[in-house]
Amino acid sequence: MDIALLDMAKLVGGVVVGEETVRITGFASPESAGPGDLAFLRATSKVDRLAGTRASAVVVAPEVEVAGCTLLKVEDPEAAFNRIGRKYGPKAPPVPPGIHATAVVDPSVRIHASAAVGPRAVVEAGAEIGPNTQIGALSYIGHDVRVGADCRIFPGVVVREATWIGDRVVLESGVVVGSDGFGWEAGPDGPRRIPQMGRVVLEDDVEIGANTAVDRARLDETRIGRGTKLDNLVQVGHNVKMGACNMLAAQVGLAGTVTVGNGVEMGGQVGLNGHIEIGDGAKLAAQSGIMRSVEPGAMMFGSPAHPARVRKRLILLEPEIPELFKRVKKLEEKVARFEESADD
Amino acid sequence: MDIALLDMAKLVGGVVVGEETVRITGFASPESAGPGDLAFLRATSKVDRLAGTRASAVVVAPEVEVAGCTLLKVEDPEAAFNRIGRKYGPKAPPVPPGIHATAVVDPSVRIHASAAVGPRAVVEAGAEIGPNTQIGALSYIGHDVRVGADCRIFPGVVVREATWIGDRVVLESGVVVGSDGFGWEAGPDGPRRIPQMGRVVLEDDVEIGANTAVDRARLDETRIGRGTKLDNLVQVGHNVKMGACNMLAAQVGLAGTVTVGNGVEMGGQVGLNGHIEIGDGAKLAAQSGIMRSVEPGAMMFGSPAHPARVRKRLILLEPEIPELFKRVKKLEEKVARFEESADD
Amino acid sequence: MDIALLDMAKLVGGVVVGEETVRITGFASPESAGPGDLAFLRATSKVDRLAGTRASAVVVAPEVEVAGCTLLKVEDPEAAFNRIGRKYGPKAPPVPPGIHATAVVDPSVRIHASAAVGPRAVVEAGAEIGPNTQIGALSYIGHDVRVGADCRIFPGVVVREATWIGDRVVLESGVVVGSDGFGWEAGPDGPRRIPQMGRVVLEDDVEIGANTAVDRARLDETRIGRGTKLDNLVQVGHNVKMGACNMLAAQVGLAGTVTVGNGVEMGGQVGLNGHIEIGDGAKLAAQSGIMRSVEPGAMMFGSPAHPARVRKRLILLEPEIPELFKRVKKLEEKVARFEESADD
């Protein structure tokens with residue numbers, strides 16, 4: 001990578017102040033940047049971060065002035081930096097086009113000429129792989145799986161049979177999609193799995209983090225809606241239905257048959273009870289335990305979860321509880337003395 | 001799949017009311033079913049769910065009457081539906097019999113003629129694979145591992161050396177069995193792993209969910225008893241001993257040397273402290289933090305866990321705590337006024 | 001394995017009391033040991049554990065006396081047992097030297113002659129593998145990854161592009177290093193990933209448990225310091241910086257941009273909020289929710305976390321809260337009677 005700063009300025013509609021001929025060869029924070037690096041400053045109030053930076057240029061807001069530092073001035077420095085990074089920055093190396101000689105792809109697979117299957121990947125009978133989709137090394141695509149266009153499946157992913165995947169879906173390494181749901185019935189020799197006969201559907205623009213597991217449905221579908229993003233190590237139980245553009249942080253766990261609306265945010269390690277509904281735009285704070293359905297727009301916090309306002313008040317009072325016990329004891333003593341004197 | 005409804009009725013001892021010639025080609029819920037699908041109705045009180053269903057037939061209790069809908073009447077509709085699904089429904093496609101040409105199987109491996117090893121799987125020296133067992137694609141079976149009969153190891157599983165696996169064991173994708181336990185001692189240059197010289201034993205009918213990890217013992221065994229079922233992303237520390245027919249929901253974590261009896265149920269995200277015992281039939285509610293041993297049959301809830309009855313009362317009172325502070329303050333003011341007037 | 005007990009005694013500077021010609025063929029606990037096994041007794045007070053042991057010898061403290069049992073007496077029995085186990089005990093079978101015929105290693109990879117790459121492993125262009133390092137079967141080493149000397153990468157690991165790994169690093173099966181961080185910005189069609197352009201650096205002697213995920217940095221580095229140990233199923237968010245010799249138990253989750261000092265201990269399932277700092281030597285109890293920065297040496301407990309002393313007092317008082325409500329009610333009634341009589 002070796003790009004003229006002026007080309008970057010052009011991309012984002014910014015103005016270069018300082019050395020106009022600078023060329024950029026990397027991206028870094030102001031503090032760790034070296035020659036050739038582009039950095040950015042989100043908050044103008046933190047302009048001190050640029051003192052002594054060795055970055056070749058810094059993307060800043062128009063009002064920032066720093067002596068001895070080439071600046072790329074633009075209205076929204078962070079958005080501009082991201083846009084530059086997206087166009088010019090390092091990317092995960094693509095899977096080489098075509099089917100790698102060491103991949104095992106069943107002859108019945110319908111795979112677009114522009115798709116790529118990496119070394120040691122396995123694609124089973126009846127699968128379909130769309131245009132420009134990349135299947136990483138050592139990944140497994142099961143029977144009759146459909147993968148749309150422009151997807152990126154990183155190395156070491158398992159997609160079990162009959163899963164449907166839309167366009168522009170990203171599955172990070174270690175993801176398992178379509179494992180059997182955790183449903184059991186009593187059998188003569190102990191619990192016996194209830195047949196899990198449904199599938200998983202991942203709509204367009206879903207992205208799923210490393211080592212996350214999404215179970216297939218008992219019947220019908222487990223569905224993750226358009227643009228929803230899951231972080232690492234998340235558990236999605238069978239028959240979960242999620243709408244669009246939800247954000248689930250790492251290690252969240254959804255029990256079976258949870259329904260989630262659109263635009264919901266869940267912090268890390270949140271747990272959701274089965275068979276409940278989370279309304280559009282709800283926010284569930286990290287580590288919350290959600291036992292009942294949540295109204296649209298509600299902010300929930302704690303285990304068990306209360307509205308954030310209630311929970312915050314409880315948290316503030318909590319350290320005063322030992323003192324409260326003492327205060328009550330003192331009151332009891334005083335009242336006892338009144339009673340004695342009244343008896344006199 | 002294309003089965004006469006009458007054959008299904010025969011299988012479960014049921015009676016067809018309506019169109020007796022119906023053939024079934026799939027399974028679905030009443031709401032999403034289309035022509036050819038079989039649905040079921042668990043609760044007779046929810047018979048409204050069948051209004052407008054396009055299912056070709058519905059498994060119902062004997063007392064249910066629905067006009068214009070072919071019914072398969074049987075005493076326990078859910079059990080019957082599961083039984084039909086188990087016999088006729090879609091199953092994970094089997095690994096083709098024999099050793100796939102691209103599998104790497106050490107010549108010393110003793111593998112039954114009826115077993116199957118999928119593409120790109122690796123089976124190391126000294127391993128034994130029993131009858132009808134299926135080793136999925138891209139799975140790894142380490143040195144001297146013993147796998148019994150009728151097991152299903154899905155793609156992308158790692159079973160480390162010296163593990164013993166019984167019959168009818170199921171390991172979902174991403175499971176790791178036999179990783180080194182988390183035990184450390186002080187060394188000259190920082191912590192040093194205590195040798196983890198034991199093994200993992202999975203008894204008959206154990207089933208383990210996607211991306212769950214089971215550590216080998218420091219000495220002797222980590223043992224998961226007959227018929228115990230683990231959901232996804234569960235952590236089983238070294239030297240854990242579990243009895244029969246326990247049910248552990250997703251993201252449960254057991255620290256080292258926990259002993260679990262039989263028939264124990266753990267909700268999602270429960271955490272267990274090391275070196276404790278959980279008695280037979282105990283129930284640990286989701287997200288509970290179990291710091292001490294639990295008596296047989298106890299129901300525990302919360303972090304730290306209390307008996308469920310105690311915890312539920314605390315949960316009910318919790319939102320009233322801010323008001324309690326106010327009430328005590330008011331009492332203090334009143335008592336102070338009494339004291340003043342008494343002093344007069 | 002078949003080693004003279006006297007050789008073991010020599011290794012640890014101990015004395016054999018009893019049958020000096022004993023040979024050891026395995027390691028076990030006193031209770032499960034059989035002929036040929038070496039056991040150890042940590043606490044002299046538990047000498048009853050040796051009654052009836054079938055171990056061929058037991059490592060004990062000098063003051064222990066047991067009739068009919070060969071003893072290896074040494075000052076620190078546990079440390080001696082570990083040392084013997086480390087030298088003579090079972091080890092994970094090594095990856096056979098060289099590059100396995102079924103591995104896919106790009107011609108540009110610089111791999112030391114003493115390193116080993118197992119069956120079905122994939123090593124991408126530009127990677128470097130140091131002396132004596134073992135890459136397990138079915139593992140993936142991405143483009144431009146650097147792995148130092150004496151590392152052990154177990155089967156089924158994914159190391160994404162540009163990661164730097166020091167010497168003596170151990171990655172257990174299912175580990176994912178270098179997955180994309182969970183950072184998003186608003187886009188025209190929903191959230192869009194902020195480019196994650198940094199890398200992961202694992203310093204010397206880092207060891208990481210099964211199915212743990214470590215995200216690459218948005219910029220610069222996610223760094224795990226020398227000698228830090230992570231258990232299974234841990235989540236390390238982007239831009240996390242950890243110092244030396246920290247211990248993180250299973251299922252801990254660190255949100256992005258957390259800074260951890262040295263010698264910090266975290267119990268299982270602890271969750272850390274983003275952008276906070278944990279001081280040297282802090283101890284975070286299991287399941288704690290760490291919302292704010294923690295001072296060096298502090299012990300924190302609970303969700304949200306309080307200093308352990310405060311939290312323990314709250315936990316002790318918690319079951320008395322229902323009674324407190326009753327006591328306040330009684331006080332209110334008494335005070336109301338006083339008020340009535342005062343009005344008379």
# chains A, B, ... in the order shown; residues from 1 in each chain; ligands from 1
call {"tool": "select_by_dssp", "arguments": {"residues": "stretch 57-124 of chain A", "states": "helix (DSSP H, G or I)", "output": "list in words"}}
result
Pro77, Glu78, Ala79, Ala80, Phe81, Asn82, Arg83, Ile84, Gly85, Arg86, Lys87 and Tyr88 of chain A
call {"tool": "residues_around", "arguments": {"residues": "A:Gln196", "least_positions_apart": "6", "cutoff": "8 Å", "atoms": "only C-alpha atoms", "output": "tab-separated table (two decimals) with all heavy atoms, in the first residue's frame"}}
result
chain	number	residue	atom	x	y	z
A	180	ASP	N	-27.75	-29.27	15.93
A	180	ASP	CA	-29.07	-29.70	16.40
A	180	ASP	C	-29.49	-28.94	17.65
A	180	ASP	O	-28.70	-28.74	18.56
A	180	ASP	CB	-29.05	-31.20	16.69
A	180	ASP	CG	-28.90	-32.01	15.42
A	180	ASP	OD1	-29.78	-31.90	14.56
A	180	ASP	OD2	-27.89	-32.72	15.27
A	181	GLY	N	-30.75	-28.54	17.69
A	181	GLY	CA	-31.28	-27.82	18.84
A	181	GLY	C	-31.34	-28.71	20.08
A	181	GLY	O	-31.36	-29.95	19.97
A	183	GLY	N	-33.39	-30.02	22.38
A	183	GLY	CA	-34.75	-30.38	22.76
A	183	GLY	C	-34.81	-31.86	23.05
A	183	GLY	O	-34.34	-32.67	22.24
A	216	ARG	N	-30.17	-25.23	14.48
A	216	ARG	CA	-31.29	-25.37	13.55
A	216	ARG	C	-32.60	-25.45	14.35
A	216	ARG	O	-32.61	-25.77	15.54
A	216	ARG	CB	-31.12	-26.60	12.68
A	216	ARG	CG	-31.18	-27.93	13.42
A	216	ARG	CD	-31.06	-29.12	12.44
A	216	ARG	NE	-29.94	-28.96	11.58
A	216	ARG	CZ	-30.03	-28.80	10.25
A	216	ARG	NH1	-31.18	-28.84	9.63
A	216	ARG	NH2	-28.95	-28.62	9.53
A	217	ALA	N	-33.70	-25.19	13.67
A	217	ALA	CA	-35.00	-25.21	14.32
A	217	ALA	C	-35.50	-26.64	14.51
A	217	ALA	O	-35.13	-27.55	13.77
A	217	ALA	CB	-36.01	-24.43	13.49
A	218	ARG	N	-36.36	-26.80	15.49
A	218	ARG	CA	-37.07	-28.08	15.61
A	218	ARG	C	-37.99	-28.25	14.40
A	218	ARG	O	-38.02	-29.30	13.77
A	218	ARG	CB	-37.90	-28.06	16.89
A	218	ARG	CG	-38.74	-29.31	17.04
A	218	ARG	CD	-39.69	-29.21	18.19
A	218	ARG	NE	-40.40	-30.45	18.35
A	218	ARG	CZ	-41.35	-30.64	19.25
A	218	ARG	NH1	-41.67	-29.66	20.09
A	218	ARG	NH2	-41.97	-31.79	19.34
A	219	LEU	N	-38.74	-27.20	14.10
A	219	LEU	CA	-39.59	-27.15	12.91
A	219	LEU	C	-39.41	-25.78	12.28
A	219	LEU	O	-39.09	-24.82	12.97
A	219	LEU	CB	-41.06	-27.32	13.28
A	219	LEU	CG	-41.48	-28.71	13.74
A	219	LEU	CD1	-42.93	-28.66	14.24
A	219	LEU	CD2	-41.37	-29.71	12.59
call {"tool": "residues_around", "arguments": {"residues": "stretch 24-36 of chain B", "least_positions_apart": "4", "cutoff": "6 Å", "atoms": "only C-alpha atoms", "output": "NGL selection string"}}
result
(:A and (219-220)) or (:B and (1-3 or 53-56))
call {"tool": "residues_around", "arguments": {"residues": "stretch 145-152 of chain B", "least_positions_apart": "6", "cutoff": "7 Å", "atoms": "only C-alpha atoms", "output": "list in words"}}
result
Ala127, Glu128, Ile129, Gly130, Pro131, Asn132, Thr133, Gln134, Ile135, Glu161, Ala162, Thr163, Trp164, Ile165, Gly166, Asp167, Arg168, Val169, Val170 and Leu171 of chain B
call {"tool": "closest_residue", "arguments": {"among": "B:Val200, B:Ile224, B:Ala39, B:Ala255", "to": "chain A", "atoms": "only C-alpha atoms"}}
result
B:Ala39
call {"tool": "select_by_dssp", "arguments": {"residues": "stretch 151-275 of chain C", "states": "strand (DSSP E)", "output": "number ranges by chain"}}
result
C: 152-153, 158-159, 164-165, 170-171, 176-179, 184-187, 190-193, 199-202, 207-208, 213-215, 221-224, 229-230, 235-236, 241-242, 247-248, 253-254, 259-260, 265-266, 271-272
call {"tool": "write_last_selection", "arguments": {"atoms": "N, CA and C atoms", "output": "short mmCIF file (atom, residue, chain, number, x, y, z; two decimals), in the first residue's frame"}}
result
data_model
loop_
_atom_site.label_atom_id
_atom_site.label_comp_id
_atom_site.auth_asym_id
_atom_site.auth_seq_id
_atom_site.Cartn_x
_atom_site.Cartn_y
_atom_site.Cartn_z
N ARG C 152 3.34 -24.81 20.41
CA ARG C 152 2.50 -25.98 20.14
C ARG C 152 1.12 -25.48 19.75
N ILE C 153 0.78 -25.72 18.50
CA ILE C 153 -0.56 -25.34 18.02
C ILE C 153 -1.31 -26.64 17.81
N VAL C 158 -7.32 -21.80 14.31
CA VAL C 158 -7.24 -20.83 13.22
C VAL C 158 -6.49 -19.59 13.69
N VAL C 159 -5.40 -19.28 13.00
CA VAL C 159 -4.65 -18.05 13.27
C VAL C 159 -4.75 -17.20 12.01
N TRP C 164 1.24 -12.06 15.20
CA TRP C 164 2.59 -12.36 15.65
C TRP C 164 2.52 -13.20 16.91
N ILE C 165 3.22 -14.31 16.91
CA ILE C 165 3.22 -15.23 18.04
C ILE C 165 4.66 -15.47 18.49
N VAL C 170 1.27 -21.79 23.48
CA VAL C 170 0.42 -22.98 23.29
C VAL C 170 -1.00 -22.51 22.95
N LEU C 171 -1.51 -23.01 21.84
CA LEU C 171 -2.91 -22.73 21.47
C LEU C 171 -3.65 -24.06 21.43
N VAL C 176 -9.39 -19.37 18.03
CA VAL C 176 -9.37 -18.47 16.88
C VAL C 176 -8.64 -17.20 17.28
N VAL C 177 -7.56 -16.89 16.59
CA VAL C 177 -6.80 -15.67 16.87
C VAL C 177 -6.84 -14.77 15.64
N GLY C 178 -7.22 -13.51 15.83
CA GLY C 178 -7.17 -12.56 14.74
C GLY C 178 -8.46 -12.38 13.98
N SER C 179 -9.57 -12.86 14.55
CA SER C 179 -10.87 -12.59 13.94
C SER C 179 -11.14 -11.08 14.00
N TRP C 184 -18.63 -1.14 14.67
CA TRP C 184 -19.61 -0.87 13.61
C TRP C 184 -19.88 0.62 13.51
N GLU C 185 -20.22 1.05 12.31
CA GLU C 185 -20.69 2.42 12.11
C GLU C 185 -21.96 2.34 11.29
N ALA C 186 -22.73 3.41 11.36
CA ALA C 186 -23.98 3.45 10.60
C ALA C 186 -23.66 3.53 9.11
N GLY C 187 -24.31 2.71 8.32
CA GLY C 187 -24.16 2.77 6.87
C GLY C 187 -25.50 3.04 6.24
N GLY C 190 -27.77 -0.02 6.97
CA GLY C 190 -27.61 -0.69 8.26
C GLY C 190 -26.16 -0.61 8.71
N PRO C 191 -25.85 -1.26 9.83
CA PRO C 191 -24.49 -1.16 10.36
C PRO C 191 -23.46 -1.76 9.42
N ARG C 192 -22.27 -1.18 9.44
CA ARG C 192 -21.20 -1.56 8.54
C ARG C 192 -19.94 -1.69 9.39
N ARG C 193 -19.17 -2.73 9.17
CA ARG C 193 -18.03 -2.95 10.05
C ARG C 193 -16.96 -1.88 9.85
N ARG C 199 -3.48 -5.95 14.34
CA ARG C 199 -3.12 -7.36 14.42
C ARG C 199 -3.32 -7.86 15.84
N VAL C 200 -3.02 -9.15 16.06
CA VAL C 200 -2.90 -9.72 17.40
C VAL C 200 -1.45 -10.06 17.64
N VAL C 201 -0.96 -9.72 18.84
CA VAL C 201 0.38 -10.13 19.26
C VAL C 201 0.25 -10.99 20.51
N LEU C 202 0.76 -12.20 20.43
CA LEU C 202 0.81 -13.09 21.61
C LEU C 202 2.27 -13.20 22.01
N GLU C 207 -0.47 -19.02 26.83
CA GLU C 207 -1.17 -20.28 26.55
C GLU C 207 -2.68 -20.00 26.55
N ILE C 208 -3.37 -20.53 25.56
CA ILE C 208 -4.78 -20.19 25.35
C ILE C 208 -5.61 -21.46 25.22
N ALA C 213 -11.52 -17.05 21.71
CA ALA C 213 -11.42 -16.16 20.55
C ALA C 213 -10.71 -14.86 20.93
N VAL C 214 -9.74 -14.47 20.14
CA VAL C 214 -9.00 -13.22 20.37
C VAL C 214 -9.10 -12.38 19.10
N ASP C 215 -9.77 -11.23 19.20
CA ASP C 215 -9.99 -10.40 18.01
C ASP C 215 -8.78 -9.52 17.69
N GLU C 221 -2.55 -2.91 17.87
CA GLU C 221 -2.46 -4.29 18.32
C GLU C 221 -3.49 -4.64 19.38
N THR C 222 -3.97 -5.88 19.34
CA THR C 222 -4.48 -6.56 20.53
C THR C 222 -3.28 -7.34 21.05
N ARG C 223 -2.92 -7.16 22.33
CA ARG C 223 -1.67 -7.75 22.81
C ARG C 223 -1.92 -8.53 24.11
N ILE C 224 -1.43 -9.75 24.13
CA ILE C 224 -1.49 -10.57 25.36
C ILE C 224 -0.07 -10.79 25.82
N LYS C 229 -2.11 -16.65 30.83
CA LYS C 229 -2.80 -17.91 30.51
C LYS C 229 -4.30 -17.67 30.43
N LEU C 230 -4.91 -18.11 29.35
CA LEU C 230 -6.36 -18.00 29.18
C LEU C 230 -6.95 -19.40 29.15
N GLN C 235 -13.38 -14.66 25.73
CA GLN C 235 -13.53 -13.68 24.67
C GLN C 235 -12.60 -12.50 24.95
N VAL C 236 -11.72 -12.22 23.99
CA VAL C 236 -10.83 -11.06 24.11
C VAL C 236 -11.15 -10.11 22.96
N LYS C 241 -5.27 -4.81 25.76
CA LYS C 241 -3.83 -4.92 26.04
C LYS C 241 -3.69 -5.59 27.40
N MET C 242 -3.06 -6.75 27.43
CA MET C 242 -2.83 -7.44 28.70
C MET C 242 -1.34 -7.52 28.96
N MET C 247 -4.06 -14.55 34.74
CA MET C 247 -4.75 -15.85 34.72
C MET C 247 -6.24 -15.59 34.52
N LEU C 248 -6.76 -16.00 33.38
CA LEU C 248 -8.19 -15.78 33.10
C LEU C 248 -8.88 -17.14 33.01
N GLY C 253 -15.13 -12.69 29.63
CA GLY C 253 -15.30 -11.86 28.45
C GLY C 253 -14.74 -10.47 28.65
N LEU C 254 -13.82 -10.05 27.80
CA LEU C 254 -13.28 -8.69 27.85
C LEU C 254 -13.80 -7.92 26.64
N THR C 259 -7.61 -2.54 29.29
CA THR C 259 -6.18 -2.65 29.61
C THR C 259 -6.04 -3.43 30.92
N VAL C 260 -5.25 -4.48 30.89
CA VAL C 260 -5.03 -5.32 32.08
C VAL C 260 -3.54 -5.28 32.41
N GLU C 265 -5.84 -11.90 38.34
CA GLU C 265 -6.59 -13.16 38.31
C GLU C 265 -8.07 -12.89 38.09
N MET C 266 -8.66 -13.59 37.14
CA MET C 266 -10.10 -13.46 36.89
C MET C 266 -10.75 -14.83 36.99
N GLY C 271 -17.15 -10.63 33.42
CA GLY C 271 -17.32 -9.76 32.26
C GLY C 271 -16.72 -8.39 32.53
N LEU C 272 -15.97 -7.86 31.57
CA LEU C 272 -15.35 -6.54 31.74
C LEU C 272 -15.90 -5.59 30.68
#
call {"tool": "closest_residue", "arguments": {"among": "A:Leu50, A:Ala43, A:Ala305, A:Leu233", "to": "C:Asn211", "atoms": "only C-alpha atoms"}}
result
A:Leu233
call {"tool": "residues_around", "arguments": {"residues": "C:Glu339", "least_positions_apart": "5", "cutoff": "12 Å", "atoms": "only C-alpha atoms", "output": "VMD selection string"}}
result
(chain A and resid 338) or (chain B and resid 331 334 to 335 337 to 338 341) or (chain C and resid 332 to 334 344)
call {"tool": "write_last_selection", "arguments": {"atoms": "all heavy atoms", "output": "mmCIF file, in the first residue's frame"}}
result
data_model
loop_
_atom_site.group_PDB
_atom_site.id
_atom_site.type_symbol
_atom_site.label_atom_id
_atom_site.label_comp_id
_atom_site.auth_asym_id
_atom_site.auth_seq_id
_atom_site.Cartn_x
_atom_site.Cartn_y
_atom_site.Cartn_z
ATOM 1 N N PHE A 338 -39.079 3.811 74.606
ATOM 2 C CA PHE A 338 -40.364 4.550 74.713
ATOM 3 C C PHE A 338 -41.426 3.657 75.324
ATOM 4 O O PHE A 338 -42.170 4.054 76.212
ATOM 5 C CB PHE A 338 -40.861 5.004 73.334
ATOM 6 C CG PHE A 338 -40.055 6.125 72.751
ATOM 7 C CD1 PHE A 338 -39.786 6.177 71.390
ATOM 8 C CD2 PHE A 338 -39.575 7.164 73.553
ATOM 9 C CE1 PHE A 338 -39.058 7.199 70.849
ATOM 10 C CE2 PHE A 338 -38.838 8.197 73.001
ATOM 11 C CZ PHE A 338 -38.572 8.217 71.635
ATOM 12 N N LEU B 331 -39.323 7.246 59.823
ATOM 13 C CA LEU B 331 -39.367 6.743 61.202
ATOM 14 C C LEU B 331 -38.339 7.478 62.051
ATOM 15 O O LEU B 331 -38.617 7.878 63.198
ATOM 16 C CB LEU B 331 -39.083 5.243 61.231
ATOM 17 C CG LEU B 331 -40.255 4.321 60.898
ATOM 18 C CD1 LEU B 331 -39.766 2.889 60.695
ATOM 19 C CD2 LEU B 331 -41.316 4.374 62.008
ATOM 20 N N LYS B 334 -39.570 10.890 62.939
ATOM 21 C CA LYS B 334 -40.643 10.849 63.951
ATOM 22 C C LYS B 334 -40.077 10.532 65.333
ATOM 23 O O LYS B 334 -40.417 11.178 66.333
ATOM 24 C CB LYS B 334 -41.682 9.790 63.583
ATOM 25 C CG LYS B 334 -42.563 10.216 62.427
ATOM 26 C CD LYS B 334 -43.639 9.177 62.159
ATOM 27 C CE LYS B 334 -44.532 9.637 61.022
ATOM 28 N NZ LYS B 334 -45.499 8.593 60.644
ATOM 29 N N VAL B 335 -39.196 9.519 65.380
ATOM 30 C CA VAL B 335 -38.627 9.127 66.666
ATOM 31 C C VAL B 335 -37.801 10.271 67.242
ATOM 32 O O VAL B 335 -37.821 10.526 68.452
ATOM 33 C CB VAL B 335 -37.804 7.827 66.511
ATOM 34 C CG1 VAL B 335 -36.956 7.555 67.752
ATOM 35 C CG2 VAL B 335 -38.750 6.660 66.247
ATOM 36 N N ARG B 337 -38.423 13.389 66.877
ATOM 37 C CA ARG B 337 -39.381 14.359 67.453
ATOM 38 C C ARG B 337 -39.894 13.879 68.811
ATOM 39 O O ARG B 337 -40.025 14.664 69.744
ATOM 40 C CB ARG B 337 -40.546 14.594 66.500
ATOM 41 C CG ARG B 337 -40.192 15.575 65.384
ATOM 42 C CD ARG B 337 -41.432 16.171 64.732
ATOM 43 N NE ARG B 337 -42.232 15.166 64.041
ATOM 44 C CZ ARG B 337 -42.024 14.782 62.771
ATOM 45 N NH1 ARG B 337 -41.033 15.325 62.074
ATOM 46 N NH2 ARG B 337 -42.778 13.881 62.220
ATOM 47 N N PHE B 338 -40.169 12.582 68.918
ATOM 48 C CA PHE B 338 -40.571 12.034 70.236
ATOM 49 C C PHE B 338 -39.509 12.325 71.278
ATOM 50 O O PHE B 338 -39.790 12.745 72.398
ATOM 51 C CB PHE B 338 -40.765 10.515 70.172
ATOM 52 C CG PHE B 338 -41.997 10.102 69.421
ATOM 53 C CD1 PHE B 338 -41.984 8.982 68.607
ATOM 54 C CD2 PHE B 338 -43.192 10.822 69.553
ATOM 55 C CE1 PHE B 338 -43.114 8.590 67.906
ATOM 56 C CE2 PHE B 338 -44.325 10.420 68.863
ATOM 57 C CZ PHE B 338 -44.293 9.317 68.034
ATOM 58 N N SER B 341 -39.526 15.875 72.317
ATOM 59 C CA SER B 341 -40.639 16.213 73.212
ATOM 60 C C SER B 341 -40.482 15.547 74.580
ATOM 61 O O SER B 341 -40.866 16.092 75.603
ATOM 62 C CB SER B 341 -41.990 15.853 72.578
ATOM 63 O OG SER B 341 -41.995 14.498 72.241
ATOM 64 N N GLU C 332 -43.185 0.923 62.272
ATOM 65 C CA GLU C 332 -44.165 1.911 61.791
ATOM 66 C C GLU C 332 -45.467 1.805 62.571
ATOM 67 O O GLU C 332 -46.082 2.821 62.917
ATOM 68 C CB GLU C 332 -44.415 1.699 60.291
ATOM 69 C CG GLU C 332 -43.252 2.165 59.435
ATOM 70 C CD GLU C 332 -43.381 1.745 57.979
ATOM 71 O OE1 GLU C 332 -44.062 0.730 57.709
ATOM 72 O OE2 GLU C 332 -42.784 2.414 57.124
ATOM 73 N N GLU C 333 -45.879 0.579 62.856
ATOM 74 C CA GLU C 333 -47.124 0.399 63.620
ATOM 75 C C GLU C 333 -46.982 0.955 65.033
ATOM 76 O O GLU C 333 -47.864 1.656 65.538
ATOM 77 C CB GLU C 333 -47.491 -1.087 63.667
ATOM 78 C CG GLU C 333 -47.982 -1.615 62.318
ATOM 79 C CD GLU C 333 -47.966 -3.138 62.241
ATOM 80 O OE1 GLU C 333 -47.544 -3.776 63.244
ATOM 81 O OE2 GLU C 333 -48.348 -3.679 61.182
ATOM 82 N N LYS C 334 -45.860 0.634 65.663
ATOM 83 C CA LYS C 334 -45.650 1.136 67.023
ATOM 84 C C LYS C 334 -45.607 2.650 67.056
ATOM 85 O O LYS C 334 -46.227 3.298 67.910
ATOM 86 C CB LYS C 334 -44.333 0.579 67.578
ATOM 87 C CG LYS C 334 -44.406 -0.888 67.962
ATOM 88 C CD LYS C 334 -43.108 -1.361 68.590
ATOM 89 C CE LYS C 334 -43.216 -2.831 68.966
ATOM 90 N NZ LYS C 334 -41.930 -3.343 69.468
ATOM 91 N N ASP C 344 -53.966 12.200 71.690
ATOM 92 C CA ASP C 344 -55.079 12.173 72.654
ATOM 93 C C ASP C 344 -54.951 13.309 73.652
ATOM 94 O O ASP C 344 -53.875 13.674 74.081
ATOM 95 C CB ASP C 344 -55.079 10.824 73.399
ATOM 96 C CG ASP C 344 -55.494 9.704 72.443
ATOM 97 O OD1 ASP C 344 -56.029 10.010 71.353
ATOM 98 O OD2 ASP C 344 -55.246 8.525 72.781
#
call {"tool": "residues_around", "arguments": {"residues": "A:Gly156", "least_positions_apart": "3", "cutoff": "8 Å", "atoms": "only C-alpha atoms", "output": "PyMOL selection string"}}
result
(chain A and resi 136-140+173-175) or (chain B and resi 156) or (chain C and resi 140+156+158)
